[in-house]
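J.: Okay, here's the structure, questions in a sec.
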Amino acid sequence: MVKLTNWNQIQFKAGAVTFQSSDSHLNDGFKWARQQAMAYAHSGGDPVGLWYEAALPNRQAFCMRDVAHHSIGAAVLGLNLHTKNMFMRFAENIAESRDWCTYWEITKDNVPAEVDYENDQDFWYNLPANFDIIEASYRQYLWTGDQDYRNDAIMLDFYRLTVENFVQTWDKDGDGILEYYPEYGRRGLATYNEAGLQPLAG
């Protein structure tokens with residue numbers, strides 16, 4: 001494993017990763033997948049900054065769950081700075097007015113996606129997402145060596161507010177596990193299994 005000690009001096013050309021196999025079908029599949037993924041990457045011309053699409057099609061947006069789950073593949077493609085920028089957009093929007101949630105889905109215009117957000121009392125939110133972003137940030141740090149994941153004040157605030165204020169707010173019975181109650185509606189879903197509305201957040 002190569003450790004990167006000074007991230008600011010290291011640049012990767014996005015999409016430069018290659019793959020070679022004796023199986024031509026694998027080679028063709030990799031080329032298609034790389035081209036498809038790079039077609040969804042946007043390099044700074046939008047108000048939100050560097051980003052890639054990580055949401056349902058045609059939303060021109062990225063959501064917490066999908067960015068966290070795409071982040072390693074994006075790192076392989078050299079889109080580390082895109083991922084970090086999107087993580088920062090989530091981190092900077094954590095707020096007491098939303099019970100220590102951030103925006104579930106952010107558009108290229110750097111605003112919450114209308115389909116998921118009406119106001120601070122009515123918005124879509126899956127409770128595991130904050131923890132997914134923290135875990136994915138740690139993986140990005142291990143992959144890239146980017147010290148911002150350890151030292152940036154916005155990221156550190158997000159980590160702290162999640163494990164303290166967020167947990168205290170959504171753990172209504174104080175047992176250390178976040179719960180979903182039907183009166184929450186679409187705000188405070190316990191898992192990513194959105195149909196079953198399970199009561200406990202994992």
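Labels for the structure tokens follow display order: chains A, B, ..., residues from 1 in each chain, ligands from 1.
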If you run DSSP on the backbone, which residues of segment 75-178 of chain A are helix (DSSP H, G or I), as a PDB file with N, CA, C and O atoms, in the first residue's frame?

T.:
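Result file is out-v4.pdb:
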ATOM      1  N   ALA A  75     -12.584   7.112  -6.121  1.00  0.00           N
ATOM      2  CA  ALA A  75     -11.158   7.263  -5.826  1.00  0.00           C
ATOM      3  C   ALA A  75     -10.314   6.532  -6.865  1.00  0.00           C
ATOM      4  O   ALA A  75      -9.278   7.035  -7.311  1.00  0.00           O
ATOM      5  N   VAL A  76     -10.741   5.332  -7.262  1.00  0.00           N
ATOM      6  CA  VAL A  76     -10.017   4.583  -8.297  1.00  0.00           C
ATOM      7  C   VAL A  76      -9.973   5.378  -9.598  1.00  0.00           C
ATOM      8  O   VAL A  76      -8.970   5.368 -10.319  1.00  0.00           O
ATOM      9  N   ASN A  80     -11.094  11.922  -6.370  1.00  0.00           N
ATOM     10  CA  ASN A  80     -10.999  12.147  -4.931  1.00  0.00           C
ATOM     11  C   ASN A  80     -11.457  13.545  -4.536  1.00  0.00           C
ATOM     12  O   ASN A  80     -12.139  13.716  -3.517  1.00  0.00           O
ATOM     13  N   LEU A  81     -11.063  14.548  -5.299  1.00  0.00           N
ATOM     14  CA  LEU A  81     -11.419  15.915  -4.940  1.00  0.00           C
ATOM     15  C   LEU A  81     -12.906  16.168  -5.138  1.00  0.00           C
ATOM     16  O   LEU A  81     -13.498  16.983  -4.427  1.00  0.00           O
ATOM     17  N   HIS A  82     -13.519  15.469  -6.087  1.00  0.00           N
ATOM     18  CA  HIS A  82     -14.967  15.558  -6.251  1.00  0.00           C
ATOM     19  C   HIS A  82     -15.657  15.030  -4.992  1.00  0.00           C
ATOM     20  O   HIS A  82     -16.548  15.672  -4.434  1.00  0.00           O
ATOM     21  N   THR A  83     -15.224  13.843  -4.555  1.00  0.00           N
ATOM     22  CA  THR A  83     -15.828  13.234  -3.379  1.00  0.00           C
ATOM     23  C   THR A  83     -15.646  14.125  -2.163  1.00  0.00           C
ATOM     24  O   THR A  83     -16.596  14.358  -1.394  1.00  0.00           O
ATOM     25  N   LYS A  84     -14.444  14.642  -1.974  1.00  0.00           N
ATOM     26  CA  LYS A  84     -14.203  15.488  -0.809  1.00  0.00           C
ATOM     27  C   LYS A  84     -15.092  16.732  -0.848  1.00  0.00           C
ATOM     28  O   LYS A  84     -15.661  17.119   0.188  1.00  0.00           O
ATOM     29  N   ASN A  85     -15.232  17.343  -1.991  1.00  0.00           N
ATOM     30  CA  ASN A  85     -16.088  18.520  -2.098  1.00  0.00           C
ATOM     31  C   ASN A  85     -17.529  18.193  -1.729  1.00  0.00           C
ATOM     32  O   ASN A  85     -18.191  18.943  -1.003  1.00  0.00           O
ATOM     33  N   MET A  86     -18.034  17.043  -2.187  1.00  0.00           N
ATOM     34  CA  MET A  86     -19.410  16.663  -1.870  1.00  0.00           C
ATOM     35  C   MET A  86     -19.563  16.360  -0.380  1.00  0.00           C
ATOM     36  O   MET A  86     -20.549  16.765   0.244  1.00  0.00           O
ATOM     37  N   PHE A  87     -18.583  15.675   0.204  1.00  0.00           N
ATOM     38  CA  PHE A  87     -18.612  15.440   1.646  1.00  0.00           C
ATOM     39  C   PHE A  87     -18.632  16.767   2.406  1.00  0.00           C
ATOM     40  O   PHE A  87     -19.341  16.921   3.406  1.00  0.00           O
ATOM     41  N   MET A  88     -17.851  17.740   1.920  1.00  0.00           N
ATOM     42  CA  MET A  88     -17.815  19.047   2.577  1.00  0.00           C
ATOM     43  C   MET A  88     -19.164  19.750   2.483  1.00  0.00           C
ATOM     44  O   MET A  88     -19.584  20.416   3.436  1.00  0.00           O
ATOM     45  N   ARG A  89     -19.844  19.606   1.345  1.00  0.00           N
ATOM     46  CA  ARG A  89     -21.168  20.235   1.205  1.00  0.00           C
ATOM     47  C   ARG A  89     -22.153  19.641   2.217  1.00  0.00           C
ATOM     48  O   ARG A  89     -22.949  20.372   2.812  1.00  0.00           O
ATOM     49  N   PHE A  90     -22.091  18.329   2.405  1.00  0.00           N
ATOM     50  CA  PHE A  90     -22.941  17.717   3.431  1.00  0.00           C
ATOM     51  C   PHE A  90     -22.540  18.211   4.820  1.00  0.00           C
ATOM     52  O   PHE A  90     -23.392  18.608   5.620  1.00  0.00           O
ATOM     53  N   ALA A  91     -21.244  18.202   5.092  1.00  0.00           N
ATOM     54  CA  ALA A  91     -20.763  18.549   6.432  1.00  0.00           C
ATOM     55  C   ALA A  91     -21.129  19.980   6.807  1.00  0.00           C
ATOM     56  O   ALA A  91     -21.528  20.252   7.942  1.00  0.00           O
ATOM     57  N   GLU A  92     -21.007  20.908   5.882  1.00  0.00           N
ATOM     58  CA  GLU A  92     -21.232  22.312   6.216  1.00  0.00           C
ATOM     59  C   GLU A  92     -22.708  22.634   6.435  1.00  0.00           C
ATOM     60  O   GLU A  92     -23.034  23.691   6.967  1.00  0.00           O
ATOM     61  N   GLU A  96     -28.709  22.563  13.698  1.00  0.00           N
ATOM     62  CA  GLU A  96     -29.633  22.322  14.807  1.00  0.00           C
ATOM     63  C   GLU A  96     -31.083  22.454  14.357  1.00  0.00           C
ATOM     64  O   GLU A  96     -31.960  21.724  14.839  1.00  0.00           O
ATOM     65  N   SER A  97     -31.354  23.372  13.420  1.00  0.00           N
ATOM     66  CA  SER A  97     -32.726  23.574  12.937  1.00  0.00           C
ATOM     67  C   SER A  97     -33.278  22.342  12.240  1.00  0.00           C
ATOM     68  O   SER A  97     -34.492  22.190  12.106  1.00  0.00           O
ATOM     69  N   ARG A  98     -32.393  21.444  11.804  1.00  0.00           N
ATOM     70  CA  ARG A  98     -32.803  20.175  11.189  1.00  0.00           C
ATOM     71  C   ARG A  98     -32.531  19.004  12.131  1.00  0.00           C
ATOM     72  O   ARG A  98     -32.348  17.872  11.674  1.00  0.00           O
ATOM     73  N   ALA A 129     -27.168   7.789   7.373  1.00  0.00           N
ATOM     74  CA  ALA A 129     -26.349   8.510   6.395  1.00  0.00           C
ATOM     75  C   ALA A 129     -25.194   9.271   7.034  1.00  0.00           C
ATOM     76  O   ALA A 129     -24.084   9.286   6.490  1.00  0.00           O
ATOM     77  N   ASN A 130     -25.419   9.917   8.167  1.00  0.00           N
ATOM     78  CA  ASN A 130     -24.323  10.640   8.813  1.00  0.00           C
ATOM     79  C   ASN A 130     -23.152   9.707   9.113  1.00  0.00           C
ATOM     80  O   ASN A 130     -21.993  10.047   8.889  1.00  0.00           O
ATOM     81  N   PHE A 131     -23.475   8.516   9.609  1.00  0.00           N
ATOM     82  CA  PHE A 131     -22.423   7.563   9.962  1.00  0.00           C
ATOM     83  C   PHE A 131     -21.745   7.013   8.703  1.00  0.00           C
ATOM     84  O   PHE A 131     -20.555   6.733   8.711  1.00  0.00           O
ATOM     85  N   ASP A 132     -22.515   6.864   7.638  1.00  0.00           N
ATOM     86  CA  ASP A 132     -21.937   6.434   6.364  1.00  0.00           C
ATOM     87  C   ASP A 132     -20.917   7.454   5.863  1.00  0.00           C
ATOM     88  O   ASP A 132     -19.858   7.083   5.349  1.00  0.00           O
ATOM     89  N   ILE A 133     -21.237   8.736   5.978  1.00  0.00           N
ATOM     90  CA  ILE A 133     -20.301   9.770   5.540  1.00  0.00           C
ATOM     91  C   ILE A 133     -19.039   9.747   6.393  1.00  0.00           C
ATOM     92  O   ILE A 133     -17.919   9.870   5.881  1.00  0.00           O
ATOM     93  N   ILE A 134     -19.176   9.555   7.699  1.00  0.00           N
ATOM     94  CA  ILE A 134     -17.996   9.476   8.564  1.00  0.00           C
ATOM     95  C   ILE A 134     -17.130   8.283   8.183  1.00  0.00           C
ATOM     96  O   ILE A 134     -15.906   8.390   8.034  1.00  0.00           O
ATOM     97  N   GLU A 135     -17.757   7.126   8.004  1.00  0.00           N
ATOM     98  CA  GLU A 135     -16.989   5.918   7.661  1.00  0.00           C
ATOM     99  C   GLU A 135     -16.341   6.057   6.287  1.00  0.00           C
ATOM    100  O   GLU A 135     -15.184   5.689   6.093  1.00  0.00           O
ATOM    101  N   ALA A 136     -17.068   6.635   5.327  1.00  0.00           N
ATOM    102  CA  ALA A 136     -16.503   6.827   3.991  1.00  0.00           C
ATOM    103  C   ALA A 136     -15.372   7.858   4.019  1.00  0.00           C
ATOM    104  O   ALA A 136     -14.398   7.728   3.267  1.00  0.00           O
ATOM    105  N   SER A 137     -15.486   8.859   4.871  1.00  0.00           N
ATOM    106  CA  SER A 137     -14.405   9.840   5.011  1.00  0.00           C
ATOM    107  C   SER A 137     -13.143   9.171   5.526  1.00  0.00           C
ATOM    108  O   SER A 137     -12.031   9.466   5.068  1.00  0.00           O
ATOM    109  N   TYR A 138     -13.307   8.263   6.469  1.00  0.00           N
ATOM    110  CA  TYR A 138     -12.156   7.531   6.988  1.00  0.00           C
ATOM    111  C   TYR A 138     -11.520   6.680   5.884  1.00  0.00           C
ATOM    112  O   TYR A 138     -10.292   6.647   5.737  1.00  0.00           O
ATOM    113  N   ARG A 139     -12.354   6.018   5.089  1.00  0.00           N
ATOM    114  CA  ARG A 139     -11.819   5.224   3.975  1.00  0.00           C
ATOM    115  C   ARG A 139     -11.100   6.107   2.962  1.00  0.00           C
ATOM    116  O   ARG A 139     -10.064   5.715   2.403  1.00  0.00           O
ATOM    117  N   GLN A 140     -11.647   7.294   2.697  1.00  0.00           N
ATOM    118  CA  GLN A 140     -10.980   8.211   1.774  1.00  0.00           C
ATOM    119  C   GLN A 140      -9.629   8.654   2.332  1.00  0.00           C
ATOM    120  O   GLN A 140      -8.651   8.773   1.592  1.00  0.00           O
ATOM    121  N   TYR A 141      -9.584   8.892   3.626  1.00  0.00           N
ATOM    122  CA  TYR A 141      -8.307   9.253   4.246  1.00  0.00           C
ATOM    123  C   TYR A 141      -7.289   8.112   4.078  1.00  0.00           C
ATOM    124  O   TYR A 141      -6.135   8.341   3.708  1.00  0.00           O
ATOM    125  N   LEU A 142      -7.702   6.880   4.351  1.00  0.00           N
ATOM    126  CA  LEU A 142      -6.788   5.746   4.197  1.00  0.00           C
ATOM    127  C   LEU A 142      -6.344   5.584   2.750  1.00  0.00           C
ATOM    128  O   LEU A 142      -5.197   5.228   2.480  1.00  0.00           O
ATOM    129  N   TRP A 143      -7.260   5.836   1.813  1.00  0.00           N
ATOM    130  CA  TRP A 143      -6.952   5.651   0.396  1.00  0.00           C
ATOM    131  C   TRP A 143      -6.024   6.749  -0.119  1.00  0.00           C
ATOM    132  O   TRP A 143      -5.102   6.480  -0.887  1.00  0.00           O
ATOM    133  N   THR A 144      -6.284   7.984   0.300  1.00  0.00           N
ATOM    134  CA  THR A 144      -5.586   9.126  -0.300  1.00  0.00           C
ATOM    135  C   THR A 144      -4.523   9.758   0.581  1.00  0.00           C
ATOM    136  O   THR A 144      -3.635  10.438   0.079  1.00  0.00           O
ATOM    137  N   ASP A 148      -7.113  16.618   5.189  1.00  0.00           N
ATOM    138  CA  ASP A 148      -8.336  17.381   5.440  1.00  0.00           C
ATOM    139  C   ASP A 148      -9.389  16.525   6.140  1.00  0.00           C
ATOM    140  O   ASP A 148     -10.199  17.042   6.923  1.00  0.00           O
ATOM    141  N   TYR A 149      -9.383  15.241   5.864  1.00  0.00           N
ATOM    142  CA  TYR A 149     -10.361  14.370   6.518  1.00  0.00           C
ATOM    143  C   TYR A 149     -10.106  14.264   8.028  1.00  0.00           C
ATOM    144  O   TYR A 149     -11.009  13.928   8.784  1.00  0.00           O
ATOM    145  N   ARG A 150      -8.901  14.572   8.450  1.00  0.00           N
ATOM    146  CA  ARG A 150      -8.555  14.527   9.874  1.00  0.00           C
ATOM    147  C   ARG A 150      -8.533  15.905  10.517  1.00  0.00           C
ATOM    148  O   ARG A 150      -8.719  16.021  11.730  1.00  0.00           O
ATOM    149  N   ASN A 151      -8.278  16.953   9.706  1.00  0.00           N
ATOM    150  CA  ASN A 151      -7.971  18.255  10.282  1.00  0.00           C
ATOM    151  C   ASN A 151      -8.915  19.383   9.914  1.00  0.00           C
ATOM    152  O   ASN A 151      -8.921  20.415  10.590  1.00  0.00           O
ATOM    153  N   ALA A 153     -11.784  21.885   9.830  1.00  0.00           N
ATOM    154  CA  ALA A 153     -12.704  22.257  10.902  1.00  0.00           C
ATOM    155  C   ALA A 153     -14.150  21.897  10.574  1.00  0.00           C
ATOM    156  O   ALA A 153     -14.908  21.483  11.462  1.00  0.00           O
ATOM    157  N   ILE A 154     -14.546  22.030   9.323  1.00  0.00           N
ATOM    158  CA  ILE A 154     -15.923  21.710   8.935  1.00  0.00           C
ATOM    159  C   ILE A 154     -16.175  20.216   9.084  1.00  0.00           C
ATOM    160  O   ILE A 154     -17.211  19.794   9.617  1.00  0.00           O
ATOM    161  N   MET A 155     -15.216  19.403   8.634  1.00  0.00           N
ATOM    162  CA  MET A 155     -15.378  17.964   8.765  1.00  0.00           C
ATOM    163  C   MET A 155     -15.360  17.541  10.235  1.00  0.00           C
ATOM    164  O   MET A 155     -16.169  16.703  10.661  1.00  0.00           O
ATOM    165  N   LEU A 156     -14.466  18.113  11.016  1.00  0.00           N
ATOM    166  CA  LEU A 156     -14.395  17.757  12.436  1.00  0.00           C
ATOM    167  C   LEU A 156     -15.687  18.126  13.160  1.00  0.00           C
ATOM    168  O   LEU A 156     -16.157  17.371  14.025  1.00  0.00           O
ATOM    169  N   ASP A 157     -16.265  19.272  12.814  1.00  0.00           N
ATOM    170  CA  ASP A 157     -17.555  19.650  13.414  1.00  0.00           C
ATOM    171  C   ASP A 157     -18.635  18.640  13.048  1.00  0.00           C
ATOM    172  O   ASP A 157     -19.452  18.255  13.892  1.00  0.00           O
ATOM    173  N   PHE A 158     -18.648  18.204  11.790  1.00  0.00           N
ATOM    174  CA  PHE A 158     -19.648  17.222  11.355  1.00  0.00           C
ATOM    175  C   PHE A 158     -19.500  15.921  12.141  1.00  0.00           C
ATOM    176  O   PHE A 158     -20.494  15.364  12.614  1.00  0.00           O
ATOM    177  N   TYR A 159     -18.271  15.441  12.278  1.00  0.00           N
ATOM    178  CA  TYR A 159     -18.049  14.208  13.030  1.00  0.00           C
ATOM    179  C   TYR A 159     -18.553  14.369  14.467  1.00  0.00           C
ATOM    180  O   TYR A 159     -19.274  13.510  14.990  1.00  0.00           O
ATOM    181  N   ARG A 160     -18.145  15.452  15.118  1.00  0.00           N
ATOM    182  CA  ARG A 160     -18.499  15.663  16.525  1.00  0.00           C
ATOM    183  C   ARG A 160     -20.007  15.844  16.704  1.00  0.00           C
ATOM    184  O   ARG A 160     -20.619  15.222  17.584  1.00  0.00           O
ATOM    185  N   LEU A 161     -20.610  16.678  15.863  1.00  0.00           N
ATOM    186  CA  LEU A 161     -22.047  16.918  15.991  1.00  0.00           C
ATOM    187  C   LEU A 161     -22.854  15.656  15.721  1.00  0.00           C
ATOM    188  O   LEU A 161     -23.930  15.463  16.290  1.00  0.00           O
ATOM    189  N   THR A 162     -22.330  14.784  14.857  1.00  0.00           N
ATOM    190  CA  THR A 162     -23.022  13.529  14.588  1.00  0.00           C
ATOM    191  C   THR A 162     -22.988  12.611  15.799  1.00  0.00           C
ATOM    192  O   THR A 162     -24.026  12.126  16.248  1.00  0.00           O
ATOM    193  N   VAL A 163     -21.799  12.357  16.330  1.00  0.00           N
ATOM    194  CA  VAL A 163     -21.693  11.374  17.414  1.00  0.00           C
ATOM    195  C   VAL A 163     -22.197  11.910  18.745  1.00  0.00           C
ATOM    196  O   VAL A 163     -22.474  11.131  19.664  1.00  0.00           O
ATOM    197  N   GLU A 164     -22.359  13.221  18.851  1.00  0.00           N
ATOM    198  CA  GLU A 164     -22.897  13.795  20.082  1.00  0.00           C
ATOM    199  C   GLU A 164     -24.345  14.267  19.870  1.00  0.00           C
ATOM    200  O   GLU A 164     -25.291  13.580  20.219  1.00  0.00           O
ATOM    201  N   ASN A 165     -24.536  15.413  19.264  1.00  0.00           N
ATOM    202  CA  ASN A 165     -25.864  16.036  19.163  1.00  0.00           C
ATOM    203  C   ASN A 165     -26.853  15.217  18.351  1.00  0.00           C
ATOM    204  O   ASN A 165     -28.017  15.061  18.749  1.00  0.00           O
ATOM    205  N   PHE A 166     -26.417  14.712  17.205  1.00  0.00           N
ATOM    206  CA  PHE A 166     -27.287  13.931  16.327  1.00  0.00           C
ATOM    207  C   PHE A 166     -27.811  12.689  17.055  1.00  0.00           C
ATOM    208  O   PHE A 166     -29.014  12.402  17.071  1.00  0.00           O
ATOM    209  N   VAL A 167     -26.896  11.960  17.698  1.00  0.00           N
ATOM    210  CA  VAL A 167     -27.289  10.749  18.420  1.00  0.00           C
ATOM    211  C   VAL A 167     -28.218  11.090  19.577  1.00  0.00           C
ATOM    212  O   VAL A 167     -29.256  10.447  19.767  1.00  0.00           O
ATOM    213  N   GLN A 168     -27.876  12.103  20.347  1.00  0.00           N
ATOM    214  CA  GLN A 168     -28.716  12.478  21.490  1.00  0.00           C
ATOM    215  C   GLN A 168     -30.120  12.884  21.048  1.00  0.00           C
ATOM    216  O   GLN A 168     -31.102  12.586  21.733  1.00  0.00           O
ATOM    217  N   THR A 169     -30.221  13.537  19.907  1.00  0.00           N
ATOM    218  CA  THR A 169     -31.518  14.011  19.428  1.00  0.00           C
ATOM    219  C   THR A 169     -32.398  12.874  18.938  1.00  0.00           C
ATOM    220  O   THR A 169     -33.607  12.836  19.227  1.00  0.00           O
ATOM    221  N   TRP A 170     -31.825  11.916  18.208  1.00  0.00           N
ATOM    222  CA  TRP A 170     -32.628  10.876  17.571  1.00  0.00           C
ATOM    223  C   TRP A 170     -32.734   9.594  18.395  1.00  0.00           C
ATOM    224  O   TRP A 170     -33.510   8.707  18.052  1.00  0.00           O
TER     225      TRP A 170
END

J.: When you draw a straight line from atom CA of Ala74 of chain A to atom CA of Gly15 of chain A, how long is it in Å?

T.: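 Distance reported for this atom pair: 9.1 Å.
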
J.: Based on the backbone DSSP call, show me all residues of segment 69-115 of chain A assigned strand (DSSP E or B), as a ChimeraX atom specification.

T.: /A:95,101,105-107,112

J.: Next, dump the selected residues to file, keeping only C-alpha atoms, as a PDB file, in the first residue's frame.

T.:
ATOM      1  CA  ALA A  95     -27.767  22.216  11.528  1.00  0.00           C
ATOM      2  CA  CYS A 101     -29.298  16.421   9.994  1.00  0.00           C
ATOM      3  CA  GLU A 105     -29.566  15.424  -1.492  1.00  0.00           C
ATOM      4  CA  ILE A 106     -27.797  18.487  -2.943  1.00  0.00           C
ATOM      5  CA  THR A 107     -28.114  19.728  -6.517  1.00  0.00           C
ATOM      6  CA  PRO A 112     -31.228  20.910  -1.359  1.00  0.00           C
TER       7      PRO A 112
END

J.: Please provide the set of residues having any atom within 8 Å of segment 30-45 of chain A, restricted to only C-alpha atoms, with same-chain residues fewer than 6 positions apart removed, written as number ranges by chain.

T.: A: 15, 19, 51-53, 77, 82

J.: At a cut-off of 12 Å, using only C-alpha atoms, what residues contact Val115 of chain A? Leave out same-chain residues fewer than 2 positions from it and give the result as a list in words.

T.: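 So the residues in contact are Ala55, Leu56, Asn58, Arg59, Gln60, Ala61, Cys63, Tyr103, Trp104, Glu105, Ile106, Thr107, Val111, Pro112, Ala113, Tyr117, Glu118, Asn119, Asp122, Phe123, Trp124, Tyr125 and Arg186 of chain A.
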
J.: Just write the chosen residues, N, CA, C and O atoms, as a JSON list (two decimals), in the first residue's frame.

T.:
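Final output, selection_36.json:
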[["chain", "number", "residue", "atom", "x", "y", "z"],
["A", 55, "ALA", "N", -27.35, 9.96, -7.49],
["A", 55, "ALA", "CA", -28.76, 10.04, -7.08],
["A", 55, "ALA", "C", -29.58, 9.35, -8.17],
["A", 55, "ALA", "O", -29.02, 8.80, -9.13],
["A", 56, "LEU", "N", -30.87, 9.39, -8.02],
["A", 56, "LEU", "CA", -31.73, 8.86, -9.08],
["A", 56, "LEU", "C", -31.49, 9.63, -10.37],
["A", 56, "LEU", "O", -31.12, 10.81, -10.34],
["A", 58, "ASN", "N", -31.47, 11.87, -13.70],
["A", 58, "ASN", "CA", -32.04, 13.15, -14.15],
["A", 58, "ASN", "C", -32.32, 14.13, -13.03],
["A", 58, "ASN", "O", -33.05, 15.11, -13.23],
["A", 59, "ARG", "N", -31.71, 13.93, -11.88],
["A", 59, "ARG", "CA", -31.90, 14.90, -10.79],
["A", 59, "ARG", "C", -30.80, 15.95, -10.74],
["A", 59, "ARG", "O", -30.92, 16.94, -10.03],
["A", 60, "GLN", "N", -29.68, 15.71, -11.45],
["A", 60, "GLN", "CA", -28.55, 16.63, -11.41],
["A", 60, "GLN", "C", -28.16, 16.91, -9.95],
["A", 60, "GLN", "O", -28.05, 18.06, -9.52],
["A", 61, "ALA", "N", -27.94, 15.81, -9.21],
["A", 61, "ALA", "CA", -27.74, 15.94, -7.77],
["A", 61, "ALA", "C", -26.94, 14.76, -7.24],
["A", 61, "ALA", "O", -26.63, 13.81, -7.97],
["A", 63, "CYS", "N", -26.76, 12.37, -3.42],
["A", 63, "CYS", "CA", -27.32, 12.14, -2.09],
["A", 63, "CYS", "C", -26.28, 11.47, -1.20],
["A", 63, "CYS", "O", -25.32, 10.88, -1.69],
["A", 103, "TYR", "N", -28.43, 18.20, 4.54],
["A", 103, "TYR", "CA", -29.32, 17.97, 3.40],
["A", 103, "TYR", "C", -29.07, 16.57, 2.87],
["A", 103, "TYR", "O", -27.94, 16.18, 2.62],
["A", 104, "TRP", "N", -30.13, 15.81, 2.68],
["A", 104, "TRP", "CA", -30.01, 14.46, 2.16],
["A", 104, "TRP", "C", -29.47, 14.45, 0.73],
["A", 104, "TRP", "O", -28.65, 13.63, 0.36],
["A", 105, "GLU", "N", -29.93, 15.39, -0.07],
["A", 105, "GLU", "CA", -29.57, 15.42, -1.49],
["A", 105, "GLU", "C", -29.34, 16.88, -1.91],
["A", 105, "GLU", "O", -30.17, 17.74, -1.66],
["A", 106, "ILE", "N", -28.19, 17.14, -2.54],
["A", 106, "ILE", "CA", -27.80, 18.49, -2.94],
["A", 106, "ILE", "C", -27.67, 18.53, -4.46],
["A", 106, "ILE", "O", -27.12, 17.61, -5.07],
["A", 107, "THR", "N", -28.15, 19.60, -5.06],
["A", 107, "THR", "CA", -28.11, 19.73, -6.52],
["A", 107, "THR", "C", -26.83, 20.42, -6.97],
["A", 107, "THR", "O", -26.08, 20.96, -6.17],
["A", 111, "VAL", "N", -28.01, 23.65, -3.66],
["A", 111, "VAL", "CA", -29.22, 23.79, -2.84],
["A", 111, "VAL", "C", -29.81, 22.40, -2.61],
["A", 111, "VAL", "O", -29.54, 21.48, -3.39],
["A", 112, "PRO", "N", -30.61, 22.22, -1.55],
["A", 112, "PRO", "CA", -31.23, 20.91, -1.36],
["A", 112, "PRO", "C", -32.19, 20.58, -2.49],
["A", 112, "PRO", "O", -32.90, 21.46, -2.98],
["A", 113, "ALA", "N", -32.20, 19.32, -2.91],
["A", 113, "ALA", "CA", -33.09, 18.90, -3.99],
["A", 113, "ALA", "C", -34.54, 19.05, -3.55],
["A", 113, "ALA", "O", -34.93, 18.57, -2.48],
["A", 117, "TYR", "N", -36.74, 17.91, -0.10],
["A", 117, "TYR", "CA", -36.69, 18.93, 0.95],
["A", 117, "TYR", "C", -37.75, 19.99, 0.72],
["A", 117, "TYR", "O", -37.79, 20.64, -0.34],
["A", 118, "GLU", "N", -38.62, 20.15, 1.72],
["A", 118, "GLU", "CA", -39.63, 21.21, 1.70],
["A", 118, "GLU", "C", -39.17, 22.37, 2.59],
["A", 118, "GLU", "O", -39.16, 23.51, 2.17],
["A", 119, "ASN", "N", -38.81, 22.04, 3.80],
["A", 119, "ASN", "CA", -38.28, 23.01, 4.76],
["A", 119, "ASN", "C", -37.58, 22.22, 5.87],
["A", 119, "ASN", "O", -37.51, 21.00, 5.81],
["A", 122, "ASP", "N", -39.68, 19.44, 7.27],
["A", 122, "ASP", "CA", -40.24, 18.46, 6.34],
["A", 122, "ASP", "C", -39.22, 18.14, 5.26],
["A", 122, "ASP", "O", -39.07, 18.89, 4.29],
["A", 123, "PHE", "N", -38.50, 17.05, 5.45],
["A", 123, "PHE", "CA", -37.49, 16.65, 4.47],
["A", 123, "PHE", "C", -37.22, 15.16, 4.61],
["A", 123, "PHE", "O", -37.46, 14.56, 5.65],
["A", 124, "TRP", "N", -36.70, 14.58, 3.54],
["A", 124, "TRP", "CA", -36.33, 13.17, 3.52],
["A", 124, "TRP", "C", -35.00, 13.00, 4.23],
["A", 124, "TRP", "O", -34.05, 13.75, 3.98],
["A", 125, "TYR", "N", -34.91, 11.98, 5.12],
["A", 125, "TYR", "CA", -33.62, 11.73, 5.76],
["A", 125, "TYR", "C", -33.56, 10.31, 6.30],
["A", 125, "TYR", "O", -34.45, 9.87, 7.01],
["A", 186, "ARG", "N", -41.28, 11.09, 6.68],
["A", 186, "ARG", "CA", -40.09, 10.80, 5.86],
["A", 186, "ARG", "C", -38.81, 11.34, 6.47],
["A", 186, "ARG", "O", -37.73, 11.18, 5.94]]

J.: In Å, how far is it from atom CA of Met64 of chain A to atom CA of Thr102 of chain A?

T.: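 These atoms are spaced 9.2 Å apart.
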
J.: So, with only C-alpha atoms as the atoms that count, which of A:Asp116, A:Ser22, A:Gly78, A:Asp171 lies closest to Asp99 of chain A?

T.: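 Closest residue, counting only C-alpha atoms: A:Asp171.
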
J.: What is the atom CA of Tyr184 of chain A to atom CA of Gln121 of chain A distance in Å?

T.: 9.7 Å

J.: For Leu189 of chain A, list every protein, DNA or RNA residue within 7 Å, evaluated using only C-alpha atoms, and leave out those in the same chain fewer than 6 positions away; present the list as a VMD selection string.

T.: chain A and resid 125 to 127 180 197

J.: Would you save the residues from that selection as a PDB file, in the first residue's frame, using C-alpha atoms?

T.:
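Here's the written file again.pdb:
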ATOM      1  CA  TYR A 125     -33.620  11.726   5.758  1.00  0.00           C
ATOM      2  CA  ASN A 126     -32.195   8.283   6.478  1.00  0.00           C
ATOM      3  CA  LEU A 127     -30.521   8.275   9.883  1.00  0.00           C
ATOM      4  CA  TYR A 180     -37.793   5.700  13.971  1.00  0.00           C
ATOM      5  CA  LEU A 197     -39.960   1.523   8.053  1.00  0.00           C
TER       6      LEU A 197
END
